[in-house]
Structure formats: structure tokens, C-alpha cells
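Participant: Submitted below is the structure of interest, expressed as C-alpha cells.
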Amino acid sequence: MVMCQQKVMLNLLPLPPHIFSIHVIFIMSEDFNSPLLPATGLLAGVTENDRMALSSYGEFIPVHEGQLLIEEGNQQDALYLVISGLLHVHTDKDNKHTLIARIGAGESIGEINLFDPGTASASVTSQAFSQVWKATRRDFEAFVQAYPEVGEHILVALVGELSRRIRFLNGKLTAMEVSYQELWQA
């Protein structure tokens, strides 16, 4: 294990940053060496200071190869940002294992649960050592209240990501419908 000390400037109080600062100590494995959220995916365009502030509203989680991060059917109320590694989103129904997506660095999972917490519609398993950051709905709401402009930027990015996924699924459904119609005409 490696201990990494990082100075975090929190602008939660109406005091100048030089008056109020704390030291946060992260304990992590040799491979888990970056407690700063990267400026990719949902956080593209978010400043380093704002990403550092956002970091404090969630937790960094190392996920080992083969480890289940989210289990289908269990209560799920968190957003996960993948910092490094590879995760598989899959379902396991009727002894059939179906891969839904491969999620890598810069991508996110659980977005819908910030808006509509419920049960997980799929499981997520790590395929290699991965680093993720997790924020519950309560964590994210607290961040948005403290940093409304940055929160708005991230919410717009979330809606954009969900929209892209809906369009992708619509394309797949349309392709399936075309294939289905071809079967009836044959």
C-alpha cells in the first residue's frame, strides 16, 4: 500500500482559500496513484480545482479483476466514473450471460440513478484492475448545491451521455426491426 498526501482546497466556507485548507491522505495500492478525477468524459472542460472539489464529494474505489462492482437487481443510487481499467456491463438471466457494454477510462456508469434511483438493470464486473470514483445521489446533490455552475455543466454532460445512449439503442432496435421484417418476408 502507498500513502499519498494531497492538499485539498475546499471553498465550502466564505473564507479565502489560504485560511481554510485541509490535508487529505489517500491510501491506495501501487496502481491507484491518482486521486484527481481526470478531465475526460462527463468532466471534460471541468477545471482541475473543480474536479478536486468534486473528488471530495465521493469516494475512490479500487476494483480488482473479477470483482463485482454492481449486482443486477440490487438497489443502486450512485454514479461511477471510471478512471482506469476495464469493466463489463452484463446480464445473467436464465443461465445466459449477455455482455451489454465494455466501459473504460473516461466513461461512466449509473448515470440514470442520479435521476431515478432503483435497482440495477445489469451487473458490472471488472475485467482488469480498475480505479473508479463513486458518488451517491446525495453526494452529487450536495456538490451541485455548493458548486451550481459546475454542477450544471456536469448535468448537461450527463443528459448528453444518456441521449447518445438512447440514440444508439434506437438504432439497434431499428436494425432488429428491419431484420425481423425480412424474416417475415422470406
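Labels for the C-alpha cells follow display order: chains A, B, ..., residues from 1 in each chain, ligands from 1.
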As a PyMOL selection string, please: the residues near Val124 of chain A (cut-off 7 Å, only C-alpha atoms, same-chain neighbours under 6 positions excluded).
Facilitator: chain A and resi 68-71+87-90
Participant: May I have the residues from that selection written out with C-alpha atoms, as a PDB file, in the first residue's frame?
Facilitator:
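Saved result, again_28.pdb, follows:
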ATOM      1  CA  LEU A  68     -18.370  -7.375  -8.957  1.00  0.00           C
ATOM      2  CA  LEU A  69     -18.926  -3.624  -8.627  1.00  0.00           C
ATOM      3  CA  ILE A  70     -22.696  -3.548  -9.218  1.00  0.00           C
ATOM      4  CA  GLU A  71     -25.030  -6.541  -8.982  1.00  0.00           C
ATOM      5  CA  LEU A  87     -15.397  -3.041 -16.732  1.00  0.00           C
ATOM      6  CA  HIS A  88     -18.018  -5.248 -18.360  1.00  0.00           C
ATOM      7  CA  VAL A  89     -21.713  -4.440 -18.044  1.00  0.00           C
ATOM      8  CA  HIS A  90     -23.673  -7.681 -18.374  1.00  0.00           C
TER       9      HIS A  90
END
Participant: List every residue of segment 61-120 of chain A that DSSP, applied to the backbone of this structure, assigns to alpha helix (DSSP H), and report them as a ChimeraX atom specification.
Facilitator: /A:112-115
Participant: So which one's closest to Gly106 of chain A, A:Leu42, A:Met176, A:Val63, A:Leu155? Using only C-alpha atoms, please.
Facilitator: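 Closest to Gly106 of chain A, using only C-alpha atoms: A:Leu42.
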Participant: What's the 7 Å shell around Asn113 of chain A, counting only C-alpha atoms, without same-chain residues fewer than 4 positions away, as number ranges by chain?
Facilitator: A: 76-79, 117-118
Participant: Quick one: write out the picked residues with all heavy atoms as a PDB file, in the first residue's frame?
Facilitator:
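Listed below is the output, out.pdb:
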ATOM      1  N   GLN A  76     -29.478   0.512  -6.360  1.00  0.00           N
ATOM      2  CA  GLN A  76     -28.367   1.258  -6.965  1.00  0.00           C
ATOM      3  C   GLN A  76     -28.719   2.738  -6.958  1.00  0.00           C
ATOM      4  O   GLN A  76     -29.734   3.131  -7.514  1.00  0.00           O
ATOM      5  CB  GLN A  76     -28.131   0.726  -8.382  1.00  0.00           C
ATOM      6  CG  GLN A  76     -27.272   1.554  -9.285  1.00  0.00           C
ATOM      7  CD  GLN A  76     -25.880   1.818  -8.782  1.00  0.00           C
ATOM      8  OE1 GLN A  76     -25.404   1.267  -7.810  1.00  0.00           O
ATOM      9  NE2 GLN A  76     -25.200   2.725  -9.425  1.00  0.00           N
ATOM     10  N   ASP A  77     -27.883   3.557  -6.313  1.00  0.00           N
ATOM     11  CA  ASP A  77     -28.159   5.001  -6.247  1.00  0.00           C
ATOM     12  C   ASP A  77     -26.908   5.821  -6.471  1.00  0.00           C
ATOM     13  O   ASP A  77     -26.777   6.920  -5.957  1.00  0.00           O
ATOM     14  CB  ASP A  77     -28.777   5.370  -4.901  1.00  0.00           C
ATOM     15  CG  ASP A  77     -27.771   5.360  -3.760  1.00  0.00           C
ATOM     16  OD1 ASP A  77     -26.716   4.699  -3.895  1.00  0.00           O
ATOM     17  OD2 ASP A  77     -28.031   6.022  -2.742  1.00  0.00           O
ATOM     18  N   ALA A  78     -25.965   5.312  -7.269  1.00  0.00           N
ATOM     19  CA  ALA A  78     -24.694   6.009  -7.407  1.00  0.00           C
ATOM     20  C   ALA A  78     -24.256   6.136  -8.865  1.00  0.00           C
ATOM     21  O   ALA A  78     -24.623   5.333  -9.716  1.00  0.00           O
ATOM     22  CB  ALA A  78     -23.606   5.283  -6.614  1.00  0.00           C
ATOM     23  N   LEU A  79     -23.464   7.151  -9.084  1.00  0.00           N
ATOM     24  CA  LEU A  79     -22.775   7.385 -10.347  1.00  0.00           C
ATOM     25  C   LEU A  79     -21.337   6.916 -10.160  1.00  0.00           C
ATOM     26  O   LEU A  79     -20.727   7.174  -9.117  1.00  0.00           O
ATOM     27  CB  LEU A  79     -22.788   8.883 -10.673  1.00  0.00           C
ATOM     28  CG  LEU A  79     -21.860   9.360 -11.791  1.00  0.00           C
ATOM     29  CD1 LEU A  79     -22.357   8.860 -13.139  1.00  0.00           C
ATOM     30  CD2 LEU A  79     -21.774  10.884 -11.783  1.00  0.00           C
ATOM     31  N   PRO A 117     -33.238   6.704  -8.760  1.00  0.00           N
ATOM     32  CA  PRO A 117     -32.631   5.574  -8.055  1.00  0.00           C
ATOM     33  C   PRO A 117     -33.568   4.367  -8.063  1.00  0.00           C
ATOM     34  O   PRO A 117     -34.781   4.502  -7.949  1.00  0.00           O
ATOM     35  CB  PRO A 117     -32.433   6.097  -6.635  1.00  0.00           C
ATOM     36  CG  PRO A 117     -32.458   7.579  -6.755  1.00  0.00           C
ATOM     37  CD  PRO A 117     -33.378   7.878  -7.910  1.00  0.00           C
ATOM     38  N   GLY A 118     -33.001   3.214  -8.224  1.00  0.00           N
ATOM     39  CA  GLY A 118     -33.781   1.987  -8.255  1.00  0.00           C
ATOM     40  C   GLY A 118     -32.854   0.789  -8.228  1.00  0.00           C
ATOM     41  O   GLY A 118     -31.731   0.866  -7.731  1.00  0.00           O
TER      42      GLY A 118
END
Participant: Write out as an MDAnalysis selection string which residues come within 12 Å of Ala142 of chain A when counting only C-alpha atoms, dropping same-chain ones fewer than 2 positions away.
Facilitator: chainID A and resid 12 53:54 56:58 135:140 144:148 151
Participant: Please, could you write that set of residues out with all heavy atoms as a short mmCIF file (atom, residue, chain, number, x, y, z; two decimals), in the first residue's frame?
Facilitator:
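Once everything was written out, this is selection-v4.cif:
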data_model
loop_
_atom_site.label_atom_id
_atom_site.label_comp_id
_atom_site.auth_asym_id
_atom_site.auth_seq_id
_atom_site.Cartn_x
_atom_site.Cartn_y
_atom_site.Cartn_z
N LEU A 12 -15.85 25.66 0.64
CA LEU A 12 -17.18 25.46 1.20
C LEU A 12 -17.57 26.59 2.13
O LEU A 12 -18.74 26.78 2.42
CB LEU A 12 -17.25 24.13 1.95
CG LEU A 12 -16.93 22.89 1.11
CD1 LEU A 12 -16.95 21.66 1.99
CD2 LEU A 12 -17.91 22.75 -0.03
N ALA A 53 -12.50 19.53 -6.07
CA ALA A 53 -13.63 19.72 -5.15
C ALA A 53 -14.63 18.58 -5.30
O ALA A 53 -15.11 18.02 -4.31
CB ALA A 53 -14.30 21.07 -5.41
N LEU A 54 -14.96 18.22 -6.54
CA LEU A 54 -15.89 17.12 -6.79
C LEU A 54 -15.38 15.82 -6.18
O LEU A 54 -16.16 15.05 -5.60
CB LEU A 54 -16.12 16.96 -8.30
CG LEU A 54 -17.05 15.82 -8.72
CD1 LEU A 54 -18.45 16.00 -8.14
CD2 LEU A 54 -17.10 15.73 -10.24
N SER A 56 -13.95 15.26 -3.50
CA SER A 56 -14.24 15.17 -2.07
C SER A 56 -15.70 14.83 -1.78
O SER A 56 -16.05 14.53 -0.64
CB SER A 56 -13.85 16.47 -1.36
OG SER A 56 -14.71 17.52 -1.76
N TYR A 57 -16.55 14.85 -2.80
CA TYR A 57 -17.96 14.53 -2.61
C TYR A 57 -18.27 13.06 -2.92
O TYR A 57 -19.43 12.66 -2.92
CB TYR A 57 -18.83 15.43 -3.49
CG TYR A 57 -18.97 16.82 -2.91
CD1 TYR A 57 -17.99 17.78 -3.14
CD2 TYR A 57 -20.06 17.17 -2.13
CE1 TYR A 57 -18.10 19.05 -2.61
CE2 TYR A 57 -20.19 18.44 -1.60
CZ TYR A 57 -19.20 19.37 -1.84
OH TYR A 57 -19.31 20.63 -1.30
N GLY A 58 -17.27 12.28 -3.19
CA GLY A 58 -17.46 10.86 -3.46
C GLY A 58 -16.29 10.09 -2.88
O GLY A 58 -15.55 10.61 -2.04
N ALA A 135 -20.07 8.38 -6.51
CA ALA A 135 -20.82 9.43 -5.81
C ALA A 135 -22.28 9.01 -5.76
O ALA A 135 -22.87 8.69 -6.80
CB ALA A 135 -20.67 10.76 -6.52
N THR A 136 -22.86 9.02 -4.58
CA THR A 136 -24.28 8.72 -4.44
C THR A 136 -25.09 9.93 -4.89
O THR A 136 -24.55 11.03 -5.08
CB THR A 136 -24.64 8.39 -2.99
OG1 THR A 136 -24.42 9.56 -2.19
CG2 THR A 136 -23.84 7.21 -2.45
N ARG A 137 -26.36 9.74 -5.01
CA ARG A 137 -27.25 10.85 -5.38
C ARG A 137 -27.12 11.98 -4.35
O ARG A 137 -27.04 13.15 -4.70
CB ARG A 137 -28.69 10.36 -5.47
CG ARG A 137 -29.66 11.45 -5.84
CD ARG A 137 -31.07 10.92 -5.93
NE ARG A 137 -31.98 12.02 -6.21
CZ ARG A 137 -33.12 11.88 -6.81
NH1 ARG A 137 -33.51 10.70 -7.22
NH2 ARG A 137 -33.90 12.93 -7.01
N ARG A 138 -27.08 11.62 -3.07
CA ARG A 138 -26.93 12.61 -2.01
C ARG A 138 -25.61 13.37 -2.13
O ARG A 138 -25.56 14.59 -1.98
CB ARG A 138 -27.02 11.93 -0.64
CG ARG A 138 -26.84 12.91 0.51
CD ARG A 138 -26.90 12.22 1.82
NE ARG A 138 -28.29 11.97 2.14
CZ ARG A 138 -28.69 11.29 3.19
NH1 ARG A 138 -27.82 10.77 4.01
NH2 ARG A 138 -29.98 11.13 3.43
N ASP A 139 -24.52 12.64 -2.43
CA ASP A 139 -23.21 13.28 -2.64
C ASP A 139 -23.29 14.29 -3.77
O ASP A 139 -22.81 15.42 -3.65
CB ASP A 139 -22.14 12.24 -3.01
CG ASP A 139 -21.84 11.23 -1.93
OD1 ASP A 139 -22.04 11.54 -0.73
OD2 ASP A 139 -21.40 10.12 -2.28
N PHE A 140 -23.89 13.86 -4.89
CA PHE A 140 -23.93 14.72 -6.07
C PHE A 140 -24.83 15.94 -5.84
O PHE A 140 -24.49 17.05 -6.26
CB PHE A 140 -24.38 13.93 -7.30
CG PHE A 140 -24.15 14.67 -8.58
CD1 PHE A 140 -22.87 14.82 -9.07
CD2 PHE A 140 -25.20 15.23 -9.27
CE1 PHE A 140 -22.63 15.53 -10.25
CE2 PHE A 140 -24.99 15.94 -10.44
CZ PHE A 140 -23.71 16.08 -10.93
N VAL A 144 -23.74 19.86 -6.23
CA VAL A 144 -24.45 20.81 -7.09
C VAL A 144 -24.90 22.03 -6.30
O VAL A 144 -24.84 23.16 -6.79
CB VAL A 144 -25.64 20.12 -7.80
CG1 VAL A 144 -26.52 21.14 -8.51
CG2 VAL A 144 -25.13 19.08 -8.79
N GLN A 145 -25.30 21.83 -5.06
CA GLN A 145 -25.69 22.98 -4.23
C GLN A 145 -24.49 23.85 -3.90
O GLN A 145 -24.60 25.07 -3.89
CB GLN A 145 -26.37 22.50 -2.94
CG GLN A 145 -27.78 22.03 -3.20
CD GLN A 145 -28.57 21.84 -1.92
OE1 GLN A 145 -28.06 21.98 -0.82
NE2 GLN A 145 -29.83 21.53 -2.09
N ALA A 146 -23.34 23.25 -3.65
CA ALA A 146 -22.14 24.01 -3.31
C ALA A 146 -21.48 24.66 -4.53
O ALA A 146 -20.89 25.73 -4.43
CB ALA A 146 -21.13 23.10 -2.60
N TYR A 147 -21.58 24.00 -5.68
CA TYR A 147 -20.94 24.47 -6.92
C TYR A 147 -21.96 24.43 -8.07
O TYR A 147 -21.85 23.60 -8.98
CB TYR A 147 -19.74 23.57 -7.26
CG TYR A 147 -18.67 23.57 -6.21
CD1 TYR A 147 -18.70 22.65 -5.15
CD2 TYR A 147 -17.62 24.49 -6.26
CE1 TYR A 147 -17.71 22.65 -4.18
CE2 TYR A 147 -16.63 24.49 -5.29
CZ TYR A 147 -16.69 23.56 -4.25
OH TYR A 147 -15.71 23.56 -3.30
N PRO A 148 -22.95 25.30 -8.05
CA PRO A 148 -24.04 25.21 -9.03
C PRO A 148 -23.61 25.33 -10.49
O PRO A 148 -24.16 24.63 -11.34
CB PRO A 148 -24.99 26.34 -8.64
CG PRO A 148 -24.23 27.22 -7.71
CD PRO A 148 -23.14 26.40 -7.11
N GLY A 151 -21.89 22.09 -11.35
CA GLY A 151 -22.93 21.07 -11.31
C GLY A 151 -23.79 21.09 -12.55
O GLY A 151 -24.12 20.05 -13.12
#
Participant: Mind the document's chain letters and residue numbers, and return as a short mmCIF file (atom, residue, chain, number, x, y, z; two decimals) with all heavy atoms, in the first residue's frame the residues of segment 46-99 of chain A that DSSP labels strand (DSSP E).
Facilitator:
data_model
loop_
_atom_site.label_atom_id
_atom_site.label_comp_id
_atom_site.auth_asym_id
_atom_site.auth_seq_id
_atom_site.Cartn_x
_atom_site.Cartn_y
_atom_site.Cartn_z
N GLU A 59 -16.12 8.87 -3.35
CA GLU A 59 -15.00 8.06 -2.86
C GLU A 59 -14.34 7.33 -4.02
O GLU A 59 -14.99 6.94 -4.98
CB GLU A 59 -15.48 7.06 -1.81
CG GLU A 59 -16.46 6.02 -2.33
CD GLU A 59 -16.90 5.02 -1.27
OE1 GLU A 59 -16.03 4.51 -0.55
OE2 GLU A 59 -18.11 4.77 -1.20
N PHE A 60 -13.03 7.18 -3.90
CA PHE A 60 -12.25 6.43 -4.88
C PHE A 60 -12.24 4.97 -4.45
O PHE A 60 -12.02 4.66 -3.28
CB PHE A 60 -10.82 6.96 -4.97
CG PHE A 60 -10.75 8.31 -5.61
CD1 PHE A 60 -10.83 9.46 -4.85
CD2 PHE A 60 -10.62 8.43 -6.98
CE1 PHE A 60 -10.78 10.71 -5.43
CE2 PHE A 60 -10.57 9.68 -7.58
CZ PHE A 60 -10.65 10.81 -6.80
N ILE A 61 -12.50 4.08 -5.41
CA ILE A 61 -12.60 2.66 -5.10
C ILE A 61 -11.70 1.87 -6.05
O ILE A 61 -11.85 1.97 -7.27
CB ILE A 61 -14.05 2.16 -5.27
CG1 ILE A 61 -15.00 2.94 -4.39
CG2 ILE A 61 -14.15 0.67 -4.98
CD1 ILE A 61 -16.46 2.64 -4.65
N PRO A 62 -10.78 1.07 -5.51
CA PRO A 62 -10.05 0.14 -6.37
C PRO A 62 -10.93 -1.09 -6.61
O PRO A 62 -11.57 -1.60 -5.68
CB PRO A 62 -8.80 -0.20 -5.56
CG PRO A 62 -9.23 0.00 -4.14
CD PRO A 62 -10.30 1.06 -4.14
N VAL A 63 -11.01 -1.55 -7.85
CA VAL A 63 -11.81 -2.72 -8.18
C VAL A 63 -10.89 -3.73 -8.84
O VAL A 63 -10.31 -3.46 -9.89
CB VAL A 63 -12.98 -2.35 -9.13
CG1 VAL A 63 -13.91 -3.54 -9.30
CG2 VAL A 63 -13.74 -1.14 -8.63
N LEU A 68 -17.06 -7.92 -8.59
CA LEU A 68 -18.37 -7.38 -8.96
C LEU A 68 -18.51 -6.00 -8.32
O LEU A 68 -18.38 -5.85 -7.11
CB LEU A 68 -19.46 -8.32 -8.44
CG LEU A 68 -20.88 -8.12 -8.93
CD1 LEU A 68 -20.97 -8.36 -10.43
CD2 LEU A 68 -21.80 -9.09 -8.19
N LEU A 69 -18.75 -4.99 -9.13
CA LEU A 69 -18.93 -3.62 -8.63
C LEU A 69 -20.41 -3.33 -8.38
O LEU A 69 -20.77 -2.75 -7.37
CB LEU A 69 -18.35 -2.62 -9.63
CG LEU A 69 -18.48 -1.14 -9.28
CD1 LEU A 69 -17.68 -0.81 -8.02
CD2 LEU A 69 -18.01 -0.28 -10.44
N ILE A 70 -21.25 -3.73 -9.32
CA ILE A 70 -22.70 -3.55 -9.22
C ILE A 70 -23.34 -4.89 -9.54
O ILE A 70 -22.96 -5.55 -10.51
CB ILE A 70 -23.20 -2.48 -10.22
CG1 ILE A 70 -22.59 -1.12 -9.90
CG2 ILE A 70 -24.72 -2.41 -10.22
CD1 ILE A 70 -22.87 -0.06 -10.96
N GLN A 75 -30.25 -2.70 -5.10
CA GLN A 75 -30.51 -1.25 -5.05
C GLN A 75 -29.27 -0.51 -5.54
O GLN A 75 -28.15 -0.85 -5.20
CB GLN A 75 -30.84 -0.85 -3.61
CG GLN A 75 -31.60 0.43 -3.46
CD GLN A 75 -32.94 0.44 -4.20
OE1 GLN A 75 -33.59 -0.57 -4.38
NE2 GLN A 75 -33.33 1.60 -4.66
N GLN A 76 -29.48 0.51 -6.36
CA GLN A 76 -28.37 1.26 -6.97
C GLN A 76 -28.72 2.74 -6.96
O GLN A 76 -29.73 3.13 -7.51
CB GLN A 76 -28.13 0.73 -8.38
CG GLN A 76 -27.27 1.55 -9.28
CD GLN A 76 -25.88 1.82 -8.78
OE1 GLN A 76 -25.40 1.27 -7.81
NE2 GLN A 76 -25.20 2.72 -9.42
N ALA A 78 -25.96 5.31 -7.27
CA ALA A 78 -24.69 6.01 -7.41
C ALA A 78 -24.26 6.14 -8.87
O ALA A 78 -24.62 5.33 -9.72
CB ALA A 78 -23.61 5.28 -6.61
N LEU A 79 -23.46 7.15 -9.08
CA LEU A 79 -22.77 7.38 -10.35
C LEU A 79 -21.34 6.92 -10.16
O LEU A 79 -20.73 7.17 -9.12
CB LEU A 79 -22.79 8.88 -10.67
CG LEU A 79 -21.86 9.36 -11.79
CD1 LEU A 79 -22.36 8.86 -13.14
CD2 LEU A 79 -21.77 10.88 -11.78
N TYR A 80 -20.78 6.24 -11.16
CA TYR A 80 -19.40 5.79 -11.13
C TYR A 80 -18.67 6.38 -12.32
O TYR A 80 -19.16 6.29 -13.45
CB TYR A 80 -19.30 4.27 -11.21
CG TYR A 80 -19.92 3.54 -10.05
CD1 TYR A 80 -21.27 3.25 -10.01
CD2 TYR A 80 -19.12 3.12 -8.98
CE1 TYR A 80 -21.83 2.57 -8.94
CE2 TYR A 80 -19.68 2.44 -7.90
CZ TYR A 80 -21.04 2.17 -7.90
OH TYR A 80 -21.59 1.49 -6.84
N LEU A 81 -17.50 6.97 -12.07
CA LEU A 81 -16.63 7.44 -13.15
C LEU A 81 -15.43 6.50 -13.18
O LEU A 81 -14.79 6.27 -12.15
CB LEU A 81 -16.16 8.87 -12.89
CG LEU A 81 -17.26 9.93 -12.76
CD1 LEU A 81 -16.64 11.29 -12.49
CD2 LEU A 81 -18.12 9.97 -14.01
N VAL A 82 -15.13 5.97 -14.35
CA VAL A 82 -14.01 5.04 -14.49
C VAL A 82 -12.75 5.84 -14.78
O VAL A 82 -12.67 6.56 -15.77
CB VAL A 82 -14.28 4.01 -15.62
CG1 VAL A 82 -13.11 3.03 -15.73
CG2 VAL A 82 -15.58 3.26 -15.35
N ILE A 83 -11.80 5.72 -13.88
CA ILE A 83 -10.54 6.45 -14.01
C ILE A 83 -9.55 5.63 -14.83
O ILE A 83 -8.85 6.15 -15.68
CB ILE A 83 -9.97 6.79 -12.62
CG1 ILE A 83 -10.96 7.70 -11.90
CG2 ILE A 83 -8.59 7.43 -12.73
CD1 ILE A 83 -10.69 7.86 -10.43
N SER A 84 -9.50 4.33 -14.56
CA SER A 84 -8.63 3.43 -15.34
C SER A 84 -9.20 2.03 -15.26
O SER A 84 -10.01 1.71 -14.40
CB SER A 84 -7.20 3.46 -14.79
OG SER A 84 -7.17 2.88 -13.49
N LEU A 86 -10.89 -1.65 -17.06
CA LEU A 86 -11.94 -2.10 -17.97
C LEU A 86 -13.01 -2.83 -17.17
O LEU A 86 -12.71 -3.72 -16.39
CB LEU A 86 -11.36 -3.04 -19.03
CG LEU A 86 -12.35 -3.65 -20.01
CD1 LEU A 86 -13.00 -2.57 -20.88
CD2 LEU A 86 -11.67 -4.71 -20.86
N LEU A 87 -14.25 -2.42 -17.39
CA LEU A 87 -15.40 -3.04 -16.73
C LEU A 87 -16.34 -3.59 -17.79
O LEU A 87 -16.48 -2.99 -18.87
CB LEU A 87 -16.14 -2.01 -15.87
CG LEU A 87 -15.32 -1.30 -14.80
CD1 LEU A 87 -16.10 -0.12 -14.24
CD2 LEU A 87 -14.95 -2.25 -13.70
N HIS A 88 -16.99 -4.71 -17.48
CA HIS A 88 -18.02 -5.25 -18.36
C HIS A 88 -19.38 -5.07 -17.71
O HIS A 88 -19.55 -5.39 -16.54
CB HIS A 88 -17.79 -6.73 -18.63
CG HIS A 88 -16.79 -7.00 -19.68
ND1 HIS A 88 -16.49 -8.27 -20.10
CD2 HIS A 88 -16.00 -6.18 -20.41
CE1 HIS A 88 -15.57 -8.22 -21.06
NE2 HIS A 88 -15.25 -6.95 -21.25
N VAL A 89 -20.32 -4.54 -18.47
CA VAL A 89 -21.71 -4.44 -18.04
C VAL A 89 -22.40 -5.64 -18.68
O VAL A 89 -22.31 -5.84 -19.89
CB VAL A 89 -22.35 -3.12 -18.53
CG1 VAL A 89 -23.80 -3.04 -18.10
CG2 VAL A 89 -21.55 -1.92 -18.02
N HIS A 90 -23.08 -6.44 -17.86
CA HIS A 90 -23.67 -7.68 -18.37
C HIS A 90 -24.92 -8.06 -17.59
O HIS A 90 -25.14 -7.59 -16.47
CB HIS A 90 -22.65 -8.82 -18.32
CG HIS A 90 -22.10 -9.05 -16.94
ND1 HIS A 90 -22.69 -9.93 -16.05
CD2 HIS A 90 -21.04 -8.50 -16.30
CE1 HIS A 90 -21.99 -9.91 -14.91
NE2 HIS A 90 -21.00 -9.06 -15.03
N THR A 91 -25.72 -8.92 -18.20
CA THR A 91 -26.87 -9.51 -17.51
C THR A 91 -26.67 -11.02 -17.47
O THR A 91 -25.99 -11.58 -18.33
CB THR A 91 -28.20 -9.19 -18.22
OG1 THR A 91 -28.16 -9.71 -19.55
CG2 THR A 91 -28.47 -7.70 -18.25
N ASP A 92 -27.25 -11.63 -16.49
CA ASP A 92 -27.17 -13.08 -16.32
C ASP A 92 -28.58 -13.58 -16.05
O ASP A 92 -28.99 -13.66 -14.89
CB ASP A 92 -26.23 -13.44 -15.17
CG ASP A 92 -24.80 -12.97 -15.42
OD1 ASP A 92 -24.24 -13.34 -16.45
OD2 ASP A 92 -24.27 -12.22 -14.57
N LYS A 93 -29.30 -13.90 -17.09
CA LYS A 93 -30.67 -14.38 -16.94
C LYS A 93 -30.81 -15.74 -17.60
O LYS A 93 -30.29 -15.96 -18.69
CB LYS A 93 -31.66 -13.39 -17.56
CG LYS A 93 -31.68 -12.08 -16.81
CD LYS A 93 -32.82 -11.21 -17.24
CE LYS A 93 -32.66 -9.93 -16.43
NZ LYS A 93 -33.74 -9.10 -16.36
N LYS A 96 -27.91 -17.45 -19.00
CA LYS A 96 -27.35 -16.84 -20.21
C LYS A 96 -26.64 -15.56 -19.82
O LYS A 96 -27.23 -14.65 -19.26
CB LYS A 96 -28.47 -16.55 -21.21
CG LYS A 96 -27.95 -16.01 -22.53
CD LYS A 96 -29.10 -15.76 -23.49
CE LYS A 96 -28.55 -15.13 -24.76
NZ LYS A 96 -29.63 -14.67 -25.63
N HIS A 97 -25.36 -15.49 -20.13
CA HIS A 97 -24.52 -14.34 -19.82
C HIS A 97 -24.47 -13.44 -21.06
O HIS A 97 -23.97 -13.86 -22.10
CB HIS A 97 -23.11 -14.84 -19.45
CG HIS A 97 -22.19 -13.78 -18.96
ND1 HIS A 97 -22.28 -13.24 -17.70
CD2 HIS A 97 -21.15 -13.15 -19.57
CE1 HIS A 97 -21.33 -12.34 -17.55
NE2 HIS A 97 -20.64 -12.26 -18.67
N THR A 98 -25.02 -12.22 -20.96
CA THR A 98 -25.08 -11.31 -22.11
C THR A 98 -24.26 -10.06 -21.81
O THR A 98 -24.57 -9.33 -20.86
CB THR A 98 -26.54 -10.92 -22.41
OG1 THR A 98 -27.31 -12.10 -22.63
CG2 THR A 98 -26.61 -10.02 -23.64
N LEU A 99 -23.23 -9.82 -22.62
CA LEU A 99 -22.42 -8.62 -22.49
C LEU A 99 -23.17 -7.44 -23.12
O LEU A 99 -23.56 -7.50 -24.29
CB LEU A 99 -21.07 -8.81 -23.18
CG LEU A 99 -20.13 -7.61 -23.15
CD1 LEU A 99 -19.70 -7.29 -21.71
CD2 LEU A 99 -18.91 -7.88 -24.02
#
Participant: Give the answer as one residue: which of A:Glu177, A:Glu107, A:Gln131, A:Val150 has the shortest atom-to-atom distance to Leu162 of chain A, using only C-alpha atoms?
Facilitator: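 Of all the options, A:Glu107 lies closest to Leu162 of chain A.
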Participant: So how many Å separate atom CA of Asn74 of chain A and atom CA of Arg51 of chain A, to one decimal?
Facilitator: 29.0 Å
Participant: Write out as a list in words which residues come within 9 Å of Gly66 of chain A when counting only C-alpha atoms, dropping same-chain ones fewer than 5 positions away.
Facilitator: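 Counting only the stated atoms, we get Thr125, Ser126, Gln127, Ala128 and Phe129 of chain A.
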Participant: Which is closer to Trp133 of chain A than all the others in A:Ile109, A:Leu169, A:Ala101, A:Ala120, using only C-alpha atoms?
Facilitator: A:Ile109
